[in-house]
Structures are given as structure tokens and as C-alpha cells.
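Enquirer: Pasting my_file.pdb below, which is PDB, C-alpha atoms.
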ATOM      1  CA  THR G   8      -3.627  39.426-104.256
ATOM      2  CA  ALA G   9      -2.296  35.910-104.423
ATOM      3  CA  THR G  10      -0.762  36.619-107.816
ATOM      4  CA  THR G  11       1.113  39.654-106.538
ATOM      5  CA  HIS G  12       2.271  37.736-103.487
ATOM      6  CA  LEU G  13       3.464  34.854-105.637
ATOM      7  CA  THR G  14       5.307  37.237-107.943
ATOM      8  CA  HIS G  15       7.190  38.706-104.991
ATOM      9  CA  ILE G  16       8.074  35.229-103.774
ATOM     10  CA  LEU G  17       9.344  34.296-107.215
ATOM     11  CA  ASP G  18      11.485  37.407-107.307
ATOM     12  CA  LYS G  19      13.062  36.383-104.018
ATOM     13  CA  LEU G  20      13.562  32.809-105.182
ATOM     14  CA  GLY G  21      14.955  33.900-108.513
ATOM     15  CA  LEU G  22      12.399  31.927-110.493
ATOM     16  CA  ASP G  23      11.661  33.565-113.795
ATOM     17  CA  SER G  24       9.100  31.247-115.326
ATOM     18  CA  ARG G  25       5.631  30.054-114.424
ATOM     19  CA  THR G  26       6.711  26.484-115.065
ATOM     20  CA  ALA G  27       9.542  26.740-112.561
ATOM     21  CA  ALA G  28       7.196  28.460-110.133
ATOM     22  CA  ALA G  29       4.552  25.773-110.511
ATOM     23  CA  THR G  30       7.143  23.035-110.058
ATOM     24  CA  TYR G  31       8.481  24.716-106.926
ATOM     25  CA  ALA G  32       4.988  25.219-105.525
ATOM     26  CA  VAL G  33       3.992  21.608-106.129
ATOM     27  CA  ARG G  34       7.207  20.257-104.637
ATOM     28  CA  HIS G  35       6.705  22.342-101.520
ATOM     29  CA  GLY G  36       3.012  21.573-101.157
ATOM     30  CA  LEU G  37       1.894  25.135-101.801
ATOM     31  CA  VAL G  38      -0.822  24.101-104.246
TER
END
Re-express the file's structure as C-alpha cells.

Expert:
Amino acid sequence: TATTHLTHILDKLGLDSRTAAATYAVRHGLV
């Protein structure tokens, strides 16, 4: 699922919060 995929990406990026994840995604045009 997208959620699982995103979780794996976050693990690789070392992001541990949804806020950081959302910020990263927005900055990189992923959402």
C-alpha cells in the first residue's frame, strides 16, 4: 500500500514524524 511504501521511505530517510514526512513530500512534489 502507499502507506507501507511511505513508511519504508521514511525509514530510509530517517524521518520519524508525519509532519517531517509531509514537509519532505511537499517540498519534493510527491503530493

Enquirer: Could you check how far atom CA of G:Ala32 sits from atom CA of G:Ile16, in Å to one decimal?

Expert: 10.6 Å

Enquirer: Using Å and a single decimal, report how far atom CA of G:Ala28 sits from atom CA of G:Leu13.

Expert: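 Separating atom CA of G:Leu13 from atom CA of G:Ala28 is a distance of 8.7 Å.
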
Enquirer: Hey, can you check how far atom CA of G:Leu17 sits from atom CA of G:Tyr31?

Expert: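 Rounded to one decimal, the two atoms are 9.6 Å apart.
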
Enquirer: Counting only C-alpha atoms, which residues sit no farther than 10 Å from the position (2.8, 33.2, -105.5) in the file's frame? I'd like them as number ranges by chain.

Expert: G: 8-18, 25, 28-29, 32, 37-38

Enquirer: If you keep C-alpha atoms, can you output chain G as a short mmCIF file (atom, residue, chain, number, x, y, z; two decimals), in the first residue's frame?

Expert:
data_model
loop_
_atom_site.label_atom_id
_atom_site.label_comp_id
_atom_site.auth_asym_id
_atom_site.auth_seq_id
_atom_site.Cartn_x
_atom_site.Cartn_y
_atom_site.Cartn_z
CA THR G 8 0.00 0.00 0.00
CA ALA G 9 1.01 3.61 -0.31
CA THR G 10 1.20 3.91 3.46
CA THR G 11 3.56 0.96 3.76
CA HIS G 12 5.67 2.28 0.91
CA LEU G 13 5.85 5.71 2.50
CA THR G 14 6.81 4.20 5.84
CA HIS G 15 9.73 2.37 4.23
CA ILE G 16 10.83 5.57 2.52
CA LEU G 17 10.69 7.43 5.82
CA ASP G 18 12.79 4.75 7.46
CA LYS G 19 15.42 5.21 4.78
CA LEU G 20 15.28 8.99 5.06
CA GLY G 21 15.39 8.89 8.83
CA LEU G 22 12.19 10.89 9.21
CA ASP G 23 10.36 9.95 12.36
CA SER G 24 7.31 12.17 12.24
CA ARG G 25 4.37 12.63 9.91
CA THR G 26 4.96 16.37 9.93
CA ALA G 27 8.53 15.95 8.72
CA ALA G 28 7.34 13.42 6.17
CA ALA G 29 4.62 15.72 4.89
CA THR G 30 7.06 18.62 4.66
CA TYR G 31 9.54 16.48 2.75
CA ALA G 32 6.85 15.19 0.41
CA VAL G 33 5.53 18.66 -0.34
CA ARG G 34 9.00 20.08 -0.93
CA HIS G 35 9.79 17.29 -3.36
CA GLY G 36 6.46 17.43 -5.17
CA LEU G 37 5.35 13.99 -4.04
CA VAL G 38 1.88 15.16 -3.05
#
